[in-house]
Structure formats: C-alpha cells, structure tokens
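Just upload_33.tsv here, TSV, C-alpha atoms:
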```tsv
chain	number	residue	atom	x	y	z
Z	1	MET	CA	90.99	148.71	101.51
Z	2	ALA	CA	93.52	146.44	99.81
Z	3	GLY	CA	93.76	144.20	102.87
Z	4	GLN	CA	90.00	143.98	103.18
Z	5	SER	CA	89.73	142.99	99.49
Z	6	LEU	CA	92.23	140.15	99.90
Z	7	ASN	CA	90.43	138.79	102.96
Z	8	ARG	CA	86.91	139.04	101.53
Z	9	ASN	CA	84.59	136.20	102.46
Z	10	TRP	CA	82.97	135.35	99.14
Z	11	ALA	CA	80.24	133.40	100.92
Z	12	ASP	CA	78.90	136.76	102.12
Z	13	LEU	CA	78.41	138.15	98.61
Z	14	PRO	CA	74.74	139.20	98.12
Z	15	GLN	CA	72.65	136.42	96.63
Z	16	GLU	CA	71.49	138.53	93.69
Z	17	LEU	CA	75.12	139.11	92.63
Z	18	VAL	CA	75.93	135.40	92.93
Z	19	GLU	CA	72.93	134.59	90.73
Z	20	ILE	CA	74.02	137.16	88.12
Z	21	ILE	CA	77.48	135.61	88.01
Z	22	GLY	CA	75.96	132.13	87.75
Z	23	ASN	CA	73.78	133.15	84.81
Z	24	HIS	CA	76.86	134.27	82.84
Z	25	LEU	CA	78.83	131.03	83.12
Z	26	ASP	CA	79.73	129.93	79.59
Z	27	SER	CA	81.15	126.44	80.11
Z	28	ARG	CA	81.28	123.57	82.57
Z	29	ILE	CA	84.83	124.59	83.49
Z	30	ASP	CA	83.40	127.95	84.58
Z	31	VAL	CA	80.73	126.04	86.53
Z	32	PHE	CA	83.39	124.00	88.34
Z	33	ARG	CA	85.39	127.09	89.21
Z	34	PHE	CA	82.24	128.87	90.39
Z	35	ARG	CA	81.20	125.95	92.61
Z	36	ALA	CA	84.71	125.64	94.03
Z	37	VAL	CA	84.77	129.20	95.42
Z	38	CYS	CA	83.09	128.13	98.63
Z	39	THR	CA	80.60	125.58	99.89
Z	40	SER	CA	77.63	127.95	99.91
Z	41	TRP	CA	78.01	128.79	96.20
Z	42	ARG	CA	77.40	125.17	95.22
Z	43	SER	CA	73.70	125.48	95.94
Z	44	PHE	CA	73.27	128.17	93.28
Z	45	VAL	CA	74.43	126.15	90.26
Z	46	SER	CA	74.11	122.44	89.53
Z	47	SER	CA	77.25	120.55	88.53
Z	48	THR	CA	75.46	119.53	85.31
Z	49	TYR	CA	74.75	123.14	84.33
Z	50	ARG	CA	76.22	123.91	80.88
Z	51	GLN	CA	76.66	120.21	80.22
Z	52	SER	CA	77.47	119.79	76.54
Z	53	PRO	CA	74.81	118.14	74.38
Z	54	THR	CA	75.79	114.59	73.41
Z	55	LEU	CA	75.18	114.46	69.67
Z	56	LEU	CA	75.94	111.32	67.69
Z	57	LEU	CA	77.51	112.21	64.36
Z	58	ASN	CA	77.34	109.73	61.50
Z	59	LEU	CA	80.52	110.76	59.72
Z	60	PRO	CA	80.57	109.65	56.07
Z	61	ALA	CA	83.42	108.21	54.01
Z	62	PRO	CA	86.30	108.59	53.76
Z	63	ILE	CA	86.20	108.88	57.57
Z	64	SER	CA	83.35	106.56	58.53
Z	65	ALA	CA	82.46	106.75	62.21
Z	66	ASP	CA	79.70	107.11	64.75
Z	67	ALA	CA	81.40	109.93	66.58
Z	68	PHE	CA	80.92	112.60	69.21
Z	69	VAL	CA	82.38	116.10	69.37
Z	70	SER	CA	84.33	116.92	72.50
Z	71	LEU	CA	85.71	120.33	73.51
Z	72	PRO	CA	88.28	119.57	76.22
Z	73	THR	CA	89.84	122.44	78.15
Z	74	ILE	CA	93.57	122.70	78.78
Z	75	CYS	CA	94.05	123.90	82.35
Z	76	ARG	CA	96.70	124.66	84.88
Z	77	LEU	CA	95.79	122.64	87.96
Z	78	GLU	CA	97.02	124.21	91.18
Z	79	ARG	CA	97.00	122.85	94.68
Z	80	VAL	CA	95.44	125.45	97.01
Z	81	ASP	CA	97.71	125.74	100.02
Z	82	GLU	CA	98.08	128.98	101.92
Z	83	ASN	CA	101.28	127.72	103.58
Z	84	ILE	CA	103.39	127.78	100.41
Z	85	SER	CA	104.34	130.81	98.36
Z	86	GLN	CA	104.42	128.94	95.03
Z	87	PRO	CA	101.64	126.37	94.70
Z	88	ALA	CA	102.34	123.01	93.09
Z	89	CYS	CA	100.84	122.99	89.61
Z	90	TRP	CA	100.81	121.02	86.39
Z	91	LEU	CA	99.02	120.81	83.08
Z	92	THR	CA	95.92	118.74	82.59
Z	93	LYS	CA	93.09	118.43	80.11
Z	94	VAL	CA	89.53	118.41	81.44
Z	95	ASP	CA	87.10	116.61	79.18
Z	96	GLU	CA	83.51	115.45	79.27
Z	97	SER	CA	82.83	111.78	78.57
Z	98	THR	CA	79.95	110.63	76.38
Z	99	ARG	CA	78.08	109.93	79.65
Z	100	GLY	CA	78.52	113.51	80.84
Z	101	GLU	CA	81.21	112.67	83.39
Z	102	MET	CA	84.21	114.96	83.72
Z	103	GLN	CA	87.66	113.41	83.32
Z	104	LEU	CA	91.25	114.50	83.74
Z	105	LEU	CA	93.36	113.64	80.69
Z	106	ILE	CA	97.03	113.77	79.79
Z	107	PRO	CA	97.47	117.09	77.92
Z	108	LEU	CA	99.11	115.66	74.79
Z	109	SER	CA	96.72	112.72	74.38
Z	110	ASN	CA	93.21	111.50	75.14
Z	111	ARG	CA	94.38	109.12	77.88
Z	112	GLN	CA	92.65	109.49	81.22
Z	113	ILE	CA	94.69	109.99	84.37
Z	114	LYS	CA	93.72	106.98	86.42
Z	115	PHE	CA	93.91	106.35	90.14
Z	116	SER	CA	96.69	104.01	91.25
Z	117	PRO	CA	96.13	102.15	94.56
Z	118	GLY	CA	98.32	103.40	97.35
Z	119	MET	CA	98.84	106.84	95.81
Z	120	LEU	CA	97.09	109.87	97.26
Z	121	PRO	CA	94.81	111.62	96.76
Z	122	ASN	CA	92.37	109.19	95.23
Z	123	ILE	CA	89.90	111.98	94.51
Z	124	LEU	CA	90.33	115.51	93.28
Z	125	ASN	CA	88.25	117.93	95.32
Z	126	LEU	CA	88.08	121.31	93.62
Z	127	LEU	CA	87.76	123.02	96.98
Z	128	ASN	CA	91.41	122.05	97.44
Z	129	PHE	CA	92.56	122.60	93.85
Z	130	ARG	CA	92.20	125.45	91.39
Z	131	LEU	CA	91.59	125.09	87.65
Z	132	VAL	CA	92.98	127.92	85.52
Z	133	GLU	CA	91.83	127.72	81.91
Z	134	ILE	CA	94.53	128.11	79.24
Z	135	THR	CA	92.83	127.14	75.98
Z	136	LYS	CA	90.33	124.77	74.41
Z	137	ALA	CA	90.71	121.92	71.95
Z	138	CYS	CA	88.33	120.05	69.66
Z	139	THR	CA	88.21	116.27	69.34
Z	140	LEU	CA	86.14	113.82	67.35
Z	141	LYS	CA	85.96	110.64	69.39
Z	142	LEU	CA	84.22	107.30	69.54
Z	143	ALA	CA	81.92	106.23	72.38
Z	144	THR	CA	84.89	104.59	74.12
Z	145	GLY	CA	86.73	107.91	74.19
Z	146	ARG	CA	89.33	106.92	71.58
Z	147	PRO	CA	89.98	109.40	68.76
Z	148	VAL	CA	88.45	108.94	65.33
Z	149	LEU	CA	91.18	107.45	63.15
Z	150	GLY	CA	92.07	109.36	60.00
Z	151	ILE	CA	91.25	112.81	61.44
Z	152	ASP	CA	94.42	114.80	62.08
Z	153	LYS	CA	92.84	118.06	63.27
Z	154	ALA	CA	89.26	119.31	63.64
Z	155	VAL	CA	87.63	122.62	64.60
Z	156	LEU	CA	84.02	123.67	64.82
Z	157	PHE	CA	82.79	126.13	62.22
Z	158	PRO	CA	81.72	128.87	62.60
Z	159	ASN	CA	81.93	128.85	66.42
Z	160	PRO	CA	85.01	126.96	67.60
Z	161	THR	CA	84.09	126.89	71.31
Z	162	GLN	CA	80.42	125.85	71.51
Z	163	ILE	CA	78.49	122.76	70.49
Z	164	ALA	CA	75.04	123.59	69.12
Z	165	THR	CA	72.37	121.36	67.63
Z	166	GLN	CA	73.55	122.32	64.14
Z	167	PHE	CA	77.19	122.99	63.39
Z	168	GLY	CA	79.92	122.34	60.88
Z	169	ILE	CA	83.38	120.81	61.16
Z	170	ILE	CA	86.52	121.79	59.30
Z	171	ALA	CA	88.98	118.91	59.45
Z	172	ILE	CA	92.35	117.87	58.12
Z	173	PHE	CA	92.25	114.17	57.31
Z	174	HIS	CA	94.31	111.63	55.37
Z	175	GLU	CA	97.45	113.56	56.44
Z	176	GLY	CA	96.72	116.63	54.35
Z	177	LYS	CA	93.22	116.91	52.91
Z	178	LEU	CA	91.18	119.90	54.09
Z	179	GLY	CA	87.46	119.21	54.23
Z	180	TYR	CA	84.18	120.47	55.64
Z	181	TRP	CA	81.21	118.52	56.93
Z	182	THR	CA	77.99	119.58	58.61
Z	183	ASN	CA	75.59	117.32	60.46
Z	184	GLY	CA	73.40	115.54	57.92
Z	185	ASP	CA	75.70	115.84	54.91
Z	186	GLU	CA	76.24	112.60	53.01
Z	187	SER	CA	79.85	113.40	52.16
Z	188	TRP	CA	82.78	115.63	53.05
Z	189	THR	CA	83.36	118.73	50.94
Z	190	LEU	CA	86.98	119.41	50.04
Z	191	LEU	CA	87.91	123.07	50.45
Z	192	ASP	CA	90.82	122.50	48.08
Z	193	ASP	CA	90.71	119.66	45.56
Z	194	ALA	CA	94.24	120.31	44.30
Z	195	ASN	CA	96.38	120.71	47.42
Z	196	PHE	CA	96.40	117.67	49.77
Z	197	ASN	CA	99.27	118.96	51.91
Z	198	TYR	CA	97.59	120.86	54.75
Z	199	ASP	CA	99.09	120.39	58.20
Z	200	ASP	CA	97.21	122.47	60.78
Z	201	ILE	CA	94.31	124.83	61.37
Z	202	LEU	CA	93.96	127.37	64.18
Z	203	PHE	CA	91.31	129.86	65.25
Z	204	PHE	CA	93.34	133.01	65.88
Z	205	LYS	CA	92.03	136.54	66.53
Z	206	GLY	CA	88.59	135.71	65.19
Z	207	GLU	CA	89.83	134.07	61.97
Z	208	TYR	CA	90.56	130.53	60.82
Z	209	TYR	CA	94.18	130.13	59.73
Z	210	VAL	CA	95.39	127.06	57.81
Z	211	VAL	CA	99.01	126.19	57.04
Z	212	ASP	CA	100.20	123.76	54.39
Z	213	ARG	CA	103.41	121.75	54.20
Z	214	ASN	CA	105.18	124.59	52.33
Z	215	GLY	CA	104.49	126.99	55.18
Z	216	THR	CA	101.90	129.03	53.28
Z	217	VAL	CA	99.10	130.34	55.49
Z	218	PHE	CA	95.54	130.67	54.21
Z	219	LEU	CA	92.46	132.26	55.73
Z	220	VAL	CA	89.14	130.41	55.63
Z	221	ASP	CA	86.41	133.01	55.14
Z	222	SER	CA	82.74	132.75	56.16
Z	223	SER	CA	81.90	131.14	52.79
Z	224	LEU	CA	84.60	128.48	53.24
Z	225	ASN	CA	86.85	130.04	50.61
Z	226	LEU	CA	90.62	129.80	51.03
Z	227	ILE	CA	92.47	133.11	50.76
Z	228	GLN	CA	96.27	133.05	50.69
Z	229	TYR	CA	97.54	135.14	53.58
Z	230	SER	CA	101.31	134.63	53.80
Z	231	HIS	CA	104.32	133.85	51.70
Z	232	PRO	CA	105.66	130.28	52.01
Z	233	LEU	CA	108.75	129.37	54.00
Z	234	CYS	CA	111.93	129.26	51.96
Z	235	LEU	CA	113.21	126.23	53.90
Z	236	PHE	CA	110.84	123.75	55.43
Z	237	GLY	CA	110.67	120.43	57.23
Z	238	ASN	CA	108.17	117.57	57.26
Z	239	LYS	CA	105.26	118.86	59.36
Z	240	LYS	CA	104.05	122.19	60.67
Z	241	ASN	CA	101.94	123.17	63.66
Z	242	LEU	CA	100.46	126.62	64.27
Z	243	VAL	CA	100.86	128.00	67.80
Z	244	GLU	CA	99.45	131.19	69.31
Z	245	SER	CA	101.71	132.71	71.94
Z	246	CYS	CA	101.34	136.10	73.61
Z	247	GLY	CA	99.18	137.39	70.76
Z	248	ASP	CA	101.54	136.29	67.96
Z	249	LEU	CA	101.22	133.44	65.46
Z	250	TYR	CA	104.05	130.93	65.17
Z	251	ALA	CA	104.83	127.95	62.96
Z	252	VAL	CA	106.66	125.03	64.56
Z	253	ASP	CA	108.42	123.15	61.76
Z	254	ARG	CA	109.22	119.52	62.55
Z	255	TYR	CA	111.99	117.53	60.85
Z	256	LEU	CA	111.69	113.74	60.75
Z	257	ASP	CA	114.29	111.07	60.01
Z	258	GLY	CA	111.95	109.32	57.57
Z	259	GLU	CA	108.65	109.62	55.75
Z	260	ARG	CA	105.55	110.68	57.64
Z	261	ARG	CA	102.42	108.54	57.48
Z	262	ILE	CA	101.45	107.88	53.88
Z	263	TRP	CA	98.04	106.68	52.78
Z	264	ARG	CA	98.28	103.74	50.44
Z	265	ARG	CA	95.17	104.82	48.58
Z	266	ASN	CA	94.14	108.36	47.79
Z	267	GLU	CA	90.58	109.48	47.16
Z	268	ASP	CA	89.07	106.05	47.90
Z	269	ALA	CA	90.88	105.45	51.20
Z	270	ASN	CA	88.17	104.84	53.78
Z	271	VAL	CA	88.83	104.41	57.47
Z	272	ILE	CA	85.99	102.51	59.11
Z	273	ASN	CA	86.00	103.41	62.80
Z	274	GLN	CA	84.27	100.68	64.75
Z	275	GLU	CA	84.93	99.05	68.08
Z	276	GLY	CA	83.62	95.73	69.29
Z	277	SER	CA	81.39	94.90	66.32
Z	278	ASN	CA	83.88	93.11	64.09
Z	279	ASN	CA	87.42	93.13	65.39
Z	280	ARG	CA	88.75	91.12	62.44
Z	281	GLU	CA	87.39	93.61	59.91
Z	282	LEU	CA	88.70	96.51	62.00
Z	283	PHE	CA	92.14	94.90	62.19
Z	284	PHE	CA	92.50	94.52	58.43
Z	285	ASN	CA	91.05	97.98	57.80
Z	286	LEU	CA	93.69	99.54	60.05
Z	287	LEU	CA	96.43	97.36	58.62
Z	288	ILE	CA	95.63	98.46	55.05
Z	289	ASN	CA	94.60	102.08	55.50
Z	290	TYR	CA	96.25	103.27	58.71
Z	291	PRO	CA	99.92	102.24	58.57
Z	292	LYS	CA	102.27	102.93	61.43
Z	293	CYS	CA	104.65	105.86	61.05
Z	294	ARG	CA	108.16	104.85	62.13
Z	295	ALA	CA	109.76	108.25	61.67
Z	296	LYS	CA	111.19	110.07	64.67
Z	297	THR	CA	111.63	113.78	65.27
Z	298	VAL	CA	115.23	114.93	64.90
Z	299	ASP	CA	114.89	118.72	64.84
Z	300	PHE	CA	112.55	121.71	65.11
Z	301	LYS	CA	112.65	125.22	63.76
Z	302	VAL	CA	110.32	128.00	64.87
Z	303	TYR	CA	109.05	130.97	62.87
Z	304	LYS	CA	106.88	133.95	63.81
Z	305	LEU	CA	104.49	135.43	61.29
Z	306	ASP	CA	105.01	139.13	60.67
Z	307	LEU	CA	101.34	140.10	60.34
Z	308	ALA	CA	102.17	143.38	58.59
Z	309	LEU	CA	104.50	141.95	55.92
Z	310	ARG	CA	102.88	138.50	56.00
Z	311	ARG	CA	106.28	136.85	56.05
Z	312	TRP	CA	107.83	134.30	58.38
Z	313	VAL	CA	110.65	135.44	60.67
Z	314	ASN	CA	113.08	132.88	62.08
Z	315	VAL	CA	112.91	132.65	65.89
Z	316	ARG	CA	116.04	131.59	67.75
Z	317	SER	CA	114.65	131.76	71.28
Z	318	LEU	CA	111.23	131.41	72.91
Z	319	ASP	CA	112.57	133.03	76.09
Z	320	ASP	CA	110.26	131.99	78.95
Z	321	ARG	CA	107.71	130.23	76.74
Z	322	ILE	CA	107.16	126.51	76.37
Z	323	PHE	CA	105.40	125.26	73.22
Z	324	LEU	CA	103.38	122.06	73.36
Z	325	VAL	CA	102.51	120.59	69.96
Z	326	SER	CA	100.26	117.73	68.92
Z	327	ASN	CA	97.74	116.95	66.20
Z	328	GLN	CA	94.77	117.76	68.41
Z	329	ILE	CA	96.01	121.06	69.80
Z	330	SER	CA	99.15	123.19	70.01
Z	331	PHE	CA	99.59	125.98	72.55
Z	332	SER	CA	102.13	127.75	74.73
Z	333	VAL	CA	102.59	128.34	78.45
Z	334	SER	CA	105.00	130.29	80.62
Z	335	ALA	CA	107.75	128.33	82.35
Z	336	ARG	CA	107.52	130.63	85.36
Z	337	GLU	CA	103.82	129.84	85.82
Z	338	PHE	CA	104.72	126.20	86.35
Z	339	ASN	CA	107.84	126.77	88.41
Z	340	VAL	CA	109.84	125.08	85.65
Z	341	CYS	CA	113.51	125.87	85.62
Z	342	GLU	CA	113.81	126.24	81.86
Z	343	GLY	CA	111.69	127.70	79.08
Z	344	ASN	CA	112.62	127.94	75.41
Z	345	CYS	CA	111.48	124.35	74.89
Z	346	ILE	CA	109.04	122.36	72.76
Z	347	TYR	CA	107.12	119.45	74.29
Z	348	TYR	CA	105.91	116.89	71.78
Z	349	THR	CA	105.18	113.24	71.06
Z	350	ASP	CA	106.37	111.25	68.06
Z	351	PRO	CA	104.06	109.51	65.56
Z	352	ASN	CA	105.58	106.16	66.51
Z	353	ASP	CA	104.38	106.66	70.10
Z	354	GLU	CA	100.89	105.68	68.93
Z	355	ASP	CA	99.43	102.31	69.79
Z	356	PHE	CA	97.64	100.15	67.23
Z	357	GLY	CA	94.47	102.20	67.56
Z	358	GLY	CA	96.22	105.48	66.81
Z	359	GLU	CA	96.28	106.72	70.42
Z	360	SER	CA	99.33	108.19	72.14
Z	361	SER	CA	99.87	107.72	75.85
Z	362	GLY	CA	101.08	111.28	76.32
Z	363	TYR	CA	103.40	110.14	79.11
Z	364	ASP	CA	106.10	109.69	76.47
Z	365	ALA	CA	106.37	113.41	75.83
Z	366	ARG	CA	109.82	114.53	74.77
Z	367	VAL	CA	111.43	117.92	75.23
Z	368	PHE	CA	113.28	119.72	72.46
Z	369	LYS	CA	115.60	122.47	73.71
Z	370	LEU	CA	115.77	125.25	71.17
Z	371	LYS	CA	119.02	126.70	72.58
Z	372	ASP	CA	121.14	123.71	71.52
Z	373	HIS	CA	118.66	121.57	69.51
Z	374	SER	CA	118.96	118.67	71.96
Z	375	ILE	CA	116.16	116.21	72.74
Z	376	VAL	CA	115.55	114.64	76.14
Z	377	GLN	CA	112.79	112.62	77.77
Z	378	GLY	CA	110.26	114.86	79.51
Z	379	THR	CA	110.55	113.17	82.90
Z	380	SER	CA	114.29	113.81	83.07
Z	381	SER	CA	114.29	117.52	82.32
Z	382	LEU	CA	111.42	119.10	84.19
Z	383	GLY	CA	113.32	120.12	87.29
Z	384	CYS	CA	111.08	120.86	90.25
Z	385	SER	CA	107.70	120.81	88.51
Z	386	PRO	CA	106.14	117.91	86.54
Z	387	ILE	CA	104.40	120.01	83.93
Z	388	ILE	CA	103.01	117.03	82.00
Z	389	GLN	CA	102.48	114.35	84.66
Z	390	PRO	CA	101.24	115.11	88.19
Z	391	PRO	CA	103.35	113.87	91.12
Z	392	PHE	CA	100.49	111.53	92.05
Z	393	GLN	CA	97.65	109.80	90.31
Z	394	VAL	CA	94.17	111.16	90.89
Z	395	GLY	CA	90.69	109.76	90.59
Z	396	PRO	CA	87.38	111.40	89.69
Z	397	LEU	CA	86.68	115.10	89.87
Z	398	ILE	CA	84.72	116.02	92.98
Z	399	ILE	CA	82.98	119.32	92.27
```
Take the structure in the file and write it out as structure tokens.
Amino acid sequence: MAGQSLNRNWADLPQELVEIIGNHLDSRIDVFRFRAVCTSWRSFVSSTYRQSPTLLLNLPAPISADAFVSLPTICRLERVDENISQPACWLTKVDESTRGEMQLLIPLSNRQIKFSPGMLPNILNLLNFRLVEITKACTLKLATGRPVLGIDKAVLFPNPTQIATQFGIIAIFHEGKLGYWTNGDESWTLLDDANFNYDDILFFKGEYYVVDRNGTVFLVDSSLNLIQYSHPLCLFGNKKNLVESCGDLYAVDRYLDGERRIWRRNEDANVINQEGSNNRELFFNLLINYPKCRAKTVDFKVYKLDLALRRWVNVRSLDDRIFLVSNQISFSVSAREFNVCEGNCIYYTDPNDEDFGGESSGYDARVFKLKDHSIVQGTSSLGCSPIIQPPFQVGPLII
C-alpha cells in the first residue's frame, strides 16, 4: 500500500474530488501549487482564481500616499528532480503586482528577481519547481511596487491574511508611532499617544503582539486597546524584531554603532509619497523628512518569551534555526531544509543599505553568527545552498 501511495497518478483522481479541493483553495499560492500538480489539473482552476482585489488606498497625513496593500508569501522554492536526493532550494517571496501579475522577489526586500541574458532558465515553470509556503507578509506599496516611505511595519486588522473590501491597518510609522487606519478615515488614530518607541508587531497564535524599544510586549485587543503582556528587558539595544519560531516568540535585539533614523519633526512630519508627478518636490520632501540612517549593525542578542512567566529568557543558541529579520517581515527557517551547512545565524540588512527611495536591494544581506558574534557577507558564508539568492536569474512565473 505504501508503494502504491507514493506512485499515485494524481491525474487519475476523480473529478469531483479535484473540484472539492479546488473550491477550498484560499490563496493564489495555493492555486499555483494546485495547478502545478499535473497538466490535467490546470483545466479545473484558472490562474487568476483568488486574485487579490486591487484597492487604491488614499492614506492621509502623516503618511500621504496613493497606496495598495500587498500580501506577499515567503516560500521555499525547490527544483523538482527525481535524480537527486536533496533538491536544490532557496528562499523567495512571491508577490502580486498592481496589474495582477505574479513576481518573484528577494526575500528581504521588494526587489524583483529579474532575468539576466545568457542565464538559464529564463522562465520559471511550476511543473518543474515546487513552492512551499513558509509565511506571509504585509506591504503598503505604490503603483510602481516601491514601498510607502515612512511606514516601518504594517499588518491587516482584524484578519492579517486576507484583503477584503473593508479592512483596517495597524502600522508602525515615523520609527516608533503605533497607529490604526481604516479605508475612508481622514486621519490615522494613534493607539498610544504617549509612547512613540514601538519597533515591531506580529500576529502570533491568534493575537497581535507589539514590542517597544524597551522590550515590553503588549497585546492589541479587538477594540484596539493596548494591554501590557510582558516585563521589559533589563538590557536592551537599539531596535527589536519579533520572530515566531517553532511555536515560540522571540525578540531579536539589534545593536547599532550610531543613532537610528530620527525624524526631524514630530507630530507634523508628513511624508508625501509620489512618483513622477513632481520629482523636485519629492526630492526635497525626502531630504527633509526621510534622512538616511548611517548606523551599522555591530551585534545581536536573542531572547525567548516565557509565556507562563511573561519574562524574556536569554538565548545563546538557535541550534538549527536561521532567523531572517527586516522591517517588513521577520521569520525563521531550518538550515537543514535548505541544505545549509550552518544554522544558529541571523540574516539581515542594514538601514544604510537603502537607496534614496528607501528601498533595500536585499542582495546585500549579511549573516550574524550567534556562536561567536561575527558578521560576514551572506554570499561568502552560505556553503552549498544560496538561501537568499538563487544560483541563476529567473524570469516570469509560468503557472
């Protein structure tokens, strides 16, 4: 029976069962994986099924933008080859453009992986590759695909994984303010008008967790009230990211060699996100209100939240896990799943990796080794598997 199960021809599955499976697909990633099972399954579901609605959001001050919500999916992309025991694989981010096209992005940025002439393959056929979903992110972006400047982290509220016609957004902006906005509101609502030092927000086990610069964790309840959940850290660095790993909640504490980005104005600071309409006005707006951060990362410390005592516990080793941290999303993967020689690492980009428009290439990812607190370039330490950058450049998704 076991041998017959492994050799099953999925094309022979009864049509009524295939239709039932198709009706329960929740996302376009699921649609792609469904259609990639075999050629005959493609006729059951259109590639545009579960396409996200493209809703233009007129975000008010202090983050002024005509923006779109994107819910990219972090995936492990595997080459399907029956002749090798361990398939080649790497991380990618699958996102939907404002035109409904699917794109492959660098995991720690919004940059698209582009096809380079002379490098194969120039298309990515999902009959030859497998997408394994790891987690989802949330991005507010302009029509060009660039991120909305001034937004450090955003999540949908109350459902963090689906875009509906009416929804709310909880965002950290201006490097520490925690606000809420729903489509149609004329202004952002601050969830805390006294503390402007929030660093990250994460949807974890059905709850919204927020951490501030002191390492204190708060819950955001259904009425948008902040409820203190944990004690603060006794010692703390410059910036914290929340990471879920194997069912536990971690804080990655980053130490910089200088000041993080500081807004020159406070309540009145307004970032006008516009592209192409008035480049001179945009230039001076960015120059005044979005200064470059020159600080570099010099150290990390990791803590795990004891959910019973609600206290942070210092973590000296991540064992097999690799943490990847960024403003948009932070998550963990297993080193063994990517055939990487070494876990116990943190992949990250520095604030000064951003270009003038606030976008990071993602190819500049660095690796922090927790065992000896050393920092190396990602491309020089990945051993046999390029976890961040594929060994070739690829073109459009063929699904």
- Residues near Arg316 of chain Z, cut-off 12 Å, all atoms listed in the file, skip fewer than 4 positions along chain, as a PyMOL selection string: chain Z and resi 252+300-304+344-345+369-373
Residue subset to file, keeping C-alpha atoms, as a short mmCIF file (atom, residue, chain, number, x, y, z; two decimals), keeping the file's coordinate frame:
```cif
data_model
loop_
_atom_site.label_atom_id
_atom_site.label_comp_id
_atom_site.auth_asym_id
_atom_site.auth_seq_id
_atom_site.Cartn_x
_atom_site.Cartn_y
_atom_site.Cartn_z
CA VAL Z 252 106.66 125.03 64.56
CA PHE Z 300 112.55 121.71 65.11
CA LYS Z 301 112.65 125.22 63.76
CA VAL Z 302 110.32 128.00 64.87
CA TYR Z 303 109.05 130.97 62.87
CA LYS Z 304 106.88 133.95 63.81
CA ASN Z 344 112.62 127.94 75.41
CA CYS Z 345 111.48 124.35 74.89
CA LYS Z 369 115.60 122.47 73.71
CA LEU Z 370 115.77 125.25 71.17
CA LYS Z 371 119.02 126.70 72.58
CA ASP Z 372 121.14 123.71 71.52
CA HIS Z 373 118.66 121.57 69.51
#
```
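Here atom CA of Arg146 of chain Z stands at a distance of 27.4 Å from atom CA of Phe129 of chain Z.
One distance worth recording is that between atom CA of Pro72 of chain Z and atom CA of Leu307 of chain Z, which is 29.1 Å.
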- Task: For atom CA of Val210 of chain Z and atom CA of Asn195 of chain Z, quote the distance in Å rounded to one decimal.
- Result: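 Result for atom CA of Val210 of chain Z versus atom CA of Asn195 of chain Z: 12.2 Å, one decimal.
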- Query: Out of Z:Ile134, Z:Val94, Z:Ile262, Z:Ile227, which residue has the shortest atom-to-atom distance to Gly176 of chain Z when counting only C-alpha atoms?
  - Reply: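 Smallest distance to Gly176 of chain Z is found for Z:Ile262.
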- Message: I'd like the contact shell of Asn197 of chain Z - 10 Å cut-off, only C-alpha atoms, skipping same-chain residues fewer than 6 positions apart - returned as a ChimeraX atom specification.
- Response: /Z:172,174-178,211-214,239
- Restricting to all atoms listed in the file, whichever of Z:Ser334, Z:Ser222, Z:Asn58, Z:Thr135 is closest to Asn159 of chain Z is Z:Ser222
- Task: For a cut-off of 12 Å around (97.3, 117.3, 67.6), file coordinates, pick out all residues using only C-alpha atoms and list them as number ranges by chain.
- Result: Z: 107-110, 137-140, 147, 151-155, 171-173, 175, 199-202, 239-243, 324-331, 348-351, 358-360, 362
- Task: Kindly provide, as a list in words, the polymer residues lying within 12 Å of (103.2, 140.2, 63.4), counting only C-alpha atoms and using the coordinates exactly as they appear in the file.
- Result: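 Those residues, ordered by chain and then number, are Ser230, Glu244, Ser245, Cys246, Gly247, Asp248, Leu249, Tyr250, Tyr303, Lys304, Leu305, Asp306, Leu307, Ala308, Leu309, Arg310, Arg311, Trp312 and Val313 of chain Z.
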Output C-alpha atoms of each residue in that selection to a file, as an mmCIF file, keeping the file's coordinate frame.
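result-v9.cif written:
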```
data_model
loop_
_atom_site.group_PDB
_atom_site.id
_atom_site.type_symbol
_atom_site.label_atom_id
_atom_site.label_comp_id
_atom_site.auth_asym_id
_atom_site.auth_seq_id
_atom_site.Cartn_x
_atom_site.Cartn_y
_atom_site.Cartn_z
ATOM 1 C CA SER Z 230 101.310 134.630 53.800
ATOM 2 C CA GLU Z 244 99.450 131.190 69.310
ATOM 3 C CA SER Z 245 101.710 132.710 71.940
ATOM 4 C CA CYS Z 246 101.340 136.100 73.610
ATOM 5 C CA GLY Z 247 99.180 137.390 70.760
ATOM 6 C CA ASP Z 248 101.540 136.290 67.960
ATOM 7 C CA LEU Z 249 101.220 133.440 65.460
ATOM 8 C CA TYR Z 250 104.050 130.930 65.170
ATOM 9 C CA TYR Z 303 109.050 130.970 62.870
ATOM 10 C CA LYS Z 304 106.880 133.950 63.810
ATOM 11 C CA LEU Z 305 104.490 135.430 61.290
ATOM 12 C CA ASP Z 306 105.010 139.130 60.670
ATOM 13 C CA LEU Z 307 101.340 140.100 60.340
ATOM 14 C CA ALA Z 308 102.170 143.380 58.590
ATOM 15 C CA LEU Z 309 104.500 141.950 55.920
ATOM 16 C CA ARG Z 310 102.880 138.500 56.000
ATOM 17 C CA ARG Z 311 106.280 136.850 56.050
ATOM 18 C CA TRP Z 312 107.830 134.300 58.380
ATOM 19 C CA VAL Z 313 110.650 135.440 60.670
#
```
- Would you mind listing what lies within 8 Å of Asn238 of chain Z as JSON, numbers by chain, with only C-alpha atoms counted and same-chain residues fewer than 3 positions away left out? {"Z": [213, 253, 254, 255, 256, 260]}
- Task: Could you tell me which of Z:Val298, Z:Glu96, Z:Ala335, Z:Arg35 comes closest to Val376 of chain Z if we count only C-alpha atoms?
- Result: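 Of Z:Val298, Z:Glu96, Z:Ala335, Z:Arg35, the one nearest Val376 of chain Z, counting only C-alpha atoms, is Z:Val298.
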- Query: Which of these residues is nearest to Leu71 of chain Z, using all atoms listed in the file: Z:Ile170, Z:Leu149, Z:Asn314, Z:Thr161?
  - Reply: Z:Thr161
- Query: Out of Z:Val148, Z:Ala194, Z:Val45, Z:Leu91, which residue has the shortest atom-to-atom distance to Gly22 of chain Z when counting only C-alpha atoms?
  - Reply: Z:Val45
- Mind checking which residues fall within 9 Å of Asp66 of chain Z, counting all atoms listed in the file, ignoring those fewer than 2 positions away in the same chain, and posting them as a list in words? Leu56, Leu57, Asn58, Leu59, Ser64, Phe68, Lys141, Leu142, Ala143, Val148, Asn273 and Gln274 of chain Z
- Which residue of Z:Asp299, Z:Asp221, Z:Asp319, Z:Glu207 approaches Arg366 of chain Z most closely, using only C-alpha atoms: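 Nearest to Arg366 of chain Z: Z:Asp299.
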- Residues within 6 Å of segment 180-183 of chain Z, all atoms listed in the file, excluding chain neighbours under 4 positions, as a PyMOL selection string: chain Z and resi 167-170+188-189
Would you mind exporting C-alpha atoms of the selected residues as a PDB file, keeping the file's coordinate frame?
```pdb
ATOM      1  CA  PHE Z 167      77.190 122.990  63.390  1.00  0.00           C
ATOM      2  CA  GLY Z 168      79.920 122.340  60.880  1.00  0.00           C
ATOM      3  CA  ILE Z 169      83.380 120.810  61.160  1.00  0.00           C
ATOM      4  CA  ILE Z 170      86.520 121.790  59.300  1.00  0.00           C
ATOM      5  CA  TRP Z 188      82.780 115.630  53.050  1.00  0.00           C
ATOM      6  CA  THR Z 189      83.360 118.730  50.940  1.00  0.00           C
TER       7      THR Z 189
END
```
